[in-house]
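First up is the structure itself, then whatever we jot down about it.
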Amino acid sequence: MPAEPASARGPVAAISLRGVSKVYRPPRKRPYLAIERVDLDVAPGRFVSVVGPSGCGKSTLLGLLSGLLTATTGTVALNGTAVDRVRTDVGFIFQRDALLPWKTVRENVALPLRFRGQRDDGRVKEWIARVGLAPFADNYPHELSGGMRKRAQLAQSLVADPSVLLMDEPFSALDVQTRNLMENELLNLWGAARKTVLFITHDLEEAIALSDEIVVMTAGPGTIKARYPVDLPRPRSVTEIRFAREFVALYERAWADLRDEVERSYARSLQAG
Amino acid sequence: MSFDAAALTAVPLARRMWFVRSLQFAVLASFVVAWEVLGQIGVLDKFYYSRPSLFLPRIGNWLAEGLKPGSVWNDMQVTLLETVLGFVIGTLLGVAIGYAFARNRLLGQAFDPLLSMFNAIPRLVLAPVFILAFGIDLASKVALGVTLVFFIVFFATFTAVRDVDQTLVDNVRVLGARGRDVTRHVLLPAAFSAIVASLRTSAGFAFAGAVVAEYIGSNVGLGRRIATAEAFFDSTGVFAGIVLIALLALVIDAILQVTERAFSRWKPHRDA
């Protein structure tokens, strides 16, 4: 087999953080270090979850990758180009409701195309159908359940075909049954398109069930404590896979790491309070 | 046999509505009847308090005059024109300045003490100032309405735009929105919804401003009509004017309520 040029041999990392730190300077408060010297590479098409106690700077990672925040030190790159402004080649699913309340599902999903000066009613319709919202296309967000709003957000984020999907505890506000349904649907969507996903969660079970790899972060300032590859067969069902022996073994190992950090973060919050 | 849930609840609901409506009518009717009876038996002095049987026919006579100079129709026309002008100008200024201050922090900070001072003044005391400055015609009434409406709309717009949910802004930016897209799809709709919510309050104030300014100094309008009746110790004329103003205010409010609903379909509404 002929030797390939270096650039074609290993694909460029979809997500790359090198020595990244972030200091927040809130007005009239003391500045604080949210994450410290984080190094993380994610290969294209991988589903990686970041778990850590609350306040460990998990969400900061997504802010930096999307360009909504700027790193204090270090370099952040997406698909091989440095992030120096808001990146529109990513899909970002926020923890909070992010649909515009004054627009219908259809108008919301069409927004990314509209911002690009395009109009493609067929594609909008197709994505709304793909997330199971066809009968609700002309409803306003407040008329939908929490799970339906998350589906609409998924369609909105995916309609412009981003290569990377950043998800910030997207299902944390949902009840357990709805959450499992949404996790399975996310896996189906991901299986069809194989986008790179960086998924933030504080739920270790959710992280293992969904991912190819999990990254455990320390209590703030957040650093990477450990990385675990998840060698569970796909396609998976998040509801079934929890009972697999490998799942349980991995859970126990990762939990040992995570527990220390959760305790540390909790002790600190008691001190602060 | 199957149960239709809607049918099961619909009947008691409709019945309840009727019950509430009859109750409302009964309260209103008792008030009017009590006024009349207390007037007839002399507990309420007719000289000061008039009676429904006196001022209701007066309103009828006024309305029967038809539209000619000096008629009640002409007064209503003038008062409504002042209200509409005060409302529209006050709203436009309030929106524009509220939006600018919310978007430009320095501007907002610089003007904050001045605006707070003006807002602290009970605006109705400005009526004499405006009458001196703008004369007894339309302009002084509109000016008073503008100062009343401006602050309501200004503060509503200012808070709505300043406190717009940052998640919404972040989300549209990642979705590809540039500055003017954020303005058009996020900031302006947020401001618009605040304006719609303050619509009824500010229209009420514009109307009150017009009537009060007419009462203080004018030669036409519903406020003037009450002032004239008062000058002749004609309490029947005063009450006829007050009731007419109240009815007109109800009509304006009903129209705006419909408008507000039409613009608020996207909002979660609480059903009574």
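Residue numbering restarts at 1 for every chain of the structure tokens, chains are lettered A, B, ... in their displayed order, and ligands are numbered from 1 as they appear.
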Run DSSP on the backbone and give me the residues of range 53-271 of chain A it puts in strand (DSSP E or B), as a PyMOL selection string.
-> chain A and resi 73-78+81-82+90-93+164-168+196-201+213-217+222+224-229
Residues of chain B that have any atom at most 10 Å from an atom of chain A: could you tabulate them with the shortest-distance atom pair and the distance in Å to one decimal, using only C-alpha atoms, ordered by chain and increasing number, as JSON lines?
```
{"residue": "B:Asp165", "atom": "CA", "partner": "A:Ala98", "partner_atom": "CA", "distance": 8.7}
{"residue": "B:Gln166", "atom": "CA", "partner": "A:Ala98", "partner_atom": "CA", "distance": 9.2}
{"residue": "B:Thr167", "atom": "CA", "partner": "A:Ala98", "partner_atom": "CA", "distance": 5.8}
{"residue": "B:Leu168", "atom": "CA", "partner": "A:Ala98", "partner_atom": "CA", "distance": 5.0}
{"residue": "B:Val169", "atom": "CA", "partner": "A:Ala98", "partner_atom": "CA", "distance": 8.5}
{"residue": "B:Asp170", "atom": "CA", "partner": "A:Leu68", "partner_atom": "CA", "distance": 7.1}
{"residue": "B:Asn171", "atom": "CA", "partner": "A:Ala98", "partner_atom": "CA", "distance": 6.2}
{"residue": "B:Val172", "atom": "CA", "partner": "A:Pro112", "partner_atom": "CA", "distance": 7.8}
{"residue": "B:Arg173", "atom": "CA", "partner": "A:Val86", "partner_atom": "CA", "distance": 7.0}
{"residue": "B:Val174", "atom": "CA", "partner": "A:Thr88", "partner_atom": "CA", "distance": 5.0}
{"residue": "B:Leu175", "atom": "CA", "partner": "A:Pro112", "partner_atom": "CA", "distance": 5.0}
{"residue": "B:Gly176", "atom": "CA", "partner": "A:Thr88", "partner_atom": "CA", "distance": 5.2}
{"residue": "B:Ala177", "atom": "CA", "partner": "A:Phe115", "partner_atom": "CA", "distance": 5.5}
{"residue": "B:Arg178", "atom": "CA", "partner": "A:Phe115", "partner_atom": "CA", "distance": 7.7}
{"residue": "B:Asp181", "atom": "CA", "partner": "A:Phe115", "partner_atom": "CA", "distance": 7.3}
{"residue": "B:Val182", "atom": "CA", "partner": "A:Phe115", "partner_atom": "CA", "distance": 9.9}
{"residue": "B:His185", "atom": "CA", "partner": "A:Leu100", "partner_atom": "CA", "distance": 8.2}
{"residue": "B:Val186", "atom": "CA", "partner": "A:Leu100", "partner_atom": "CA", "distance": 7.4}
{"residue": "B:Pro189", "atom": "CA", "partner": "A:Trp102", "partner_atom": "CA", "distance": 7.4}
{"residue": "B:Ala190", "atom": "CA", "partner": "A:Trp102", "partner_atom": "CA", "distance": 8.7}
{"residue": "B:Ser193", "atom": "CA", "partner": "A:Trp102", "partner_atom": "CA", "distance": 9.0}
{"residue": "B:Phe263", "atom": "CA", "partner": "A:Trp102", "partner_atom": "CA", "distance": 9.8}
{"residue": "B:Ser264", "atom": "CA", "partner": "A:Trp102", "partner_atom": "CA", "distance": 8.5}
{"residue": "B:Arg265", "atom": "CA", "partner": "A:Tyr140", "partner_atom": "CA", "distance": 8.3}
{"residue": "B:Trp266", "atom": "CA", "partner": "A:Trp102", "partner_atom": "CA", "distance": 5.2}
{"residue": "B:Lys267", "atom": "CA", "partner": "A:His142", "partner_atom": "CA", "distance": 6.9}
{"residue": "B:Pro268", "atom": "CA", "partner": "A:His142", "partner_atom": "CA", "distance": 5.9}
{"residue": "B:His269", "atom": "CA", "partner": "A:His142", "partner_atom": "CA", "distance": 9.5}
```
Just the residues within 9 Å of range 55-66 of chain B, please, counting only C-alpha atoms, with nothing from its chain fewer than 5 positions along; format it as a ChimeraX atom specification.
-> /B:50,71-74,235-241,243-244
Separation of CA of Arg103 in chain B and CA of Ile195 in chain B, in Å?
->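 Separation of CA of Arg103 in chain B and CA of Ile195 in chain B: 16.8 Å.
Take the candidates A:Asp84, A:Met148, A:Leu232, A:Lys29 and check each one against Leu174 in chain A using only C-alpha atoms; the shortest distance goes to A:Met148.
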Which residues come within 8 Å of range 13-22 of chain A, counting only C-alpha atoms, excluding same-chain residues fewer than 6 positions away, as a PDB file with C-alpha atoms, in the first residue's frame?
```pdb
ATOM      1  CA  LEU A  33     -10.369  29.838  37.727  1.00  0.00           C
ATOM      2  CA  ALA A  34     -13.001  27.588  36.145  1.00  0.00           C
ATOM      3  CA  ILE A  35     -10.775  25.148  34.244  1.00  0.00           C
ATOM      4  CA  GLU A  36      -7.037  24.702  34.383  1.00  0.00           C
ATOM      5  CA  ARG A  37      -4.703  23.376  31.669  1.00  0.00           C
ATOM      6  CA  VAL A  38      -7.142  21.072  29.960  1.00  0.00           C
ATOM      7  CA  ASP A  39      -5.863  18.937  27.089  1.00  0.00           C
ATOM      8  CA  LEU A  40      -8.439  17.019  25.109  1.00  0.00           C
ATOM      9  CA  ASP A  41      -8.576  15.653  21.563  1.00  0.00           C
ATOM     10  CA  VAL A  42     -11.657  14.059  20.073  1.00  0.00           C
ATOM     11  CA  ALA A  43     -11.432  12.228  16.753  1.00  0.00           C
ATOM     12  CA  PRO A  44     -14.179  12.877  14.164  1.00  0.00           C
ATOM     13  CA  THR A  60     -17.123  26.150  30.171  1.00  0.00           C
ATOM     14  CA  LEU A  65     -15.449  25.316  21.773  1.00  0.00           C
ATOM     15  CA  THR A  70     -12.641  32.975  24.956  1.00  0.00           C
ATOM     16  CA  ALA A  71      -9.896  30.953  26.611  1.00  0.00           C
ATOM     17  CA  THR A  72      -7.614  32.808  29.025  1.00  0.00           C
ATOM     18  CA  THR A  73      -4.670  30.616  28.000  1.00  0.00           C
ATOM     19  CA  GLY A  74      -4.160  27.744  25.577  1.00  0.00           C
ATOM     20  CA  THR A  75      -5.530  26.983  22.150  1.00  0.00           C
ATOM     21  CA  VAL A  76      -8.957  25.749  21.141  1.00  0.00           C
ATOM     22  CA  ALA A  77      -9.561  24.309  17.685  1.00  0.00           C
ATOM     23  CA  LEU A  78     -12.506  22.774  15.872  1.00  0.00           C
ATOM     24  CA  ASN A  79     -11.986  20.669  12.741  1.00  0.00           C
ATOM     25  CA  GLY A  80      -8.412  21.927  12.527  1.00  0.00           C
ATOM     26  CA  VAL A 164     -19.804  18.712  15.760  1.00  0.00           C
ATOM     27  CA  THR A 196     -18.646  14.200  16.644  1.00  0.00           C
TER      28      THR A 196
END
```
Considering only C-alpha atoms, return as a PDB file with C-alpha atoms, in the first residue's frame whatever protein or nucleic-acid residues lie within 12 Å of Ala96 in chain B, sequence-local ones (same chain, fewer than 2 positions apart) excluded.
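As written to disk, part-v3.pdb reads:
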```pdb
ATOM      1  CA  ILE B  89     -46.120  59.538  20.584  1.00  0.00           C
ATOM      2  CA  GLY B  90     -45.418  58.366  24.160  1.00  0.00           C
ATOM      3  CA  THR B  91     -45.104  54.749  23.033  1.00  0.00           C
ATOM      4  CA  LEU B  92     -42.766  55.556  20.128  1.00  0.00           C
ATOM      5  CA  LEU B  93     -40.489  57.665  22.360  1.00  0.00           C
ATOM      6  CA  GLY B  94     -40.597  55.091  25.165  1.00  0.00           C
ATOM      7  CA  GLY B  98     -35.846  52.336  26.276  1.00  0.00           C
ATOM      8  CA  TYR B  99     -34.246  50.223  23.565  1.00  0.00           C
ATOM      9  CA  ALA B 100     -31.270  52.573  23.149  1.00  0.00           C
ATOM     10  CA  PHE B 101     -30.607  52.717  26.900  1.00  0.00           C
ATOM     11  CA  ALA B 102     -30.814  48.939  27.279  1.00  0.00           C
ATOM     12  CA  ARG B 103     -28.321  48.431  24.454  1.00  0.00           C
ATOM     13  CA  PHE B 150     -43.516  57.415  27.999  1.00  0.00           C
ATOM     14  CA  PHE B 151     -42.325  56.174  31.401  1.00  0.00           C
ATOM     15  CA  VAL B 153     -43.348  52.024  27.932  1.00  0.00           C
ATOM     16  CA  PHE B 154     -39.774  53.158  28.551  1.00  0.00           C
ATOM     17  CA  PHE B 155     -39.320  51.011  31.654  1.00  0.00           C
ATOM     18  CA  ALA B 156     -41.130  48.034  30.112  1.00  0.00           C
ATOM     19  CA  THR B 157     -38.942  48.126  26.993  1.00  0.00           C
ATOM     20  CA  PHE B 158     -35.760  48.837  28.928  1.00  0.00           C
ATOM     21  CA  VAL B 161     -34.363  44.202  26.333  1.00  0.00           C
ATOM     22  CA  LEU B 188     -37.158  43.411  19.106  1.00  0.00           C
ATOM     23  CA  ALA B 191     -39.317  44.516  23.444  1.00  0.00           C
ATOM     24  CA  PHE B 192     -42.536  44.124  21.451  1.00  0.00           C
ATOM     25  CA  ILE B 195     -45.017  46.884  24.821  1.00  0.00           C
TER      26      ILE B 195
END
```
Do a neighbour search on Glu36 in chain B at 7 Å with only C-alpha atoms, toss out local chain neighbours closer than 4 positions, and write the hits as a VMD selection string.
-> chain B and resid 32 40 51 to 53
For C-alpha atoms, I'd like the residues from the last selection saved as a CSV table (one decimal), in the first residue's frame.
```csv
chain,number,residue,atom,x,y,z
B,32,VAL,CA,-77.2,51.5,41.1
B,40,GLN,CA,-85.0,59.2,46.9
B,51,ARG,CA,-79.1,60.1,41.3
B,52,PRO,CA,-79.0,57.5,38.5
B,53,SER,CA,-82.5,58.4,37.4
```
What are the DSSP helix (DSSP H, G or I) residues of range 63-227 of chain B, as number ranges by chain?
-> B: 63-64, 72-103, 105-120, 123-134, 138-162, 166-174, 179-216, 222-227
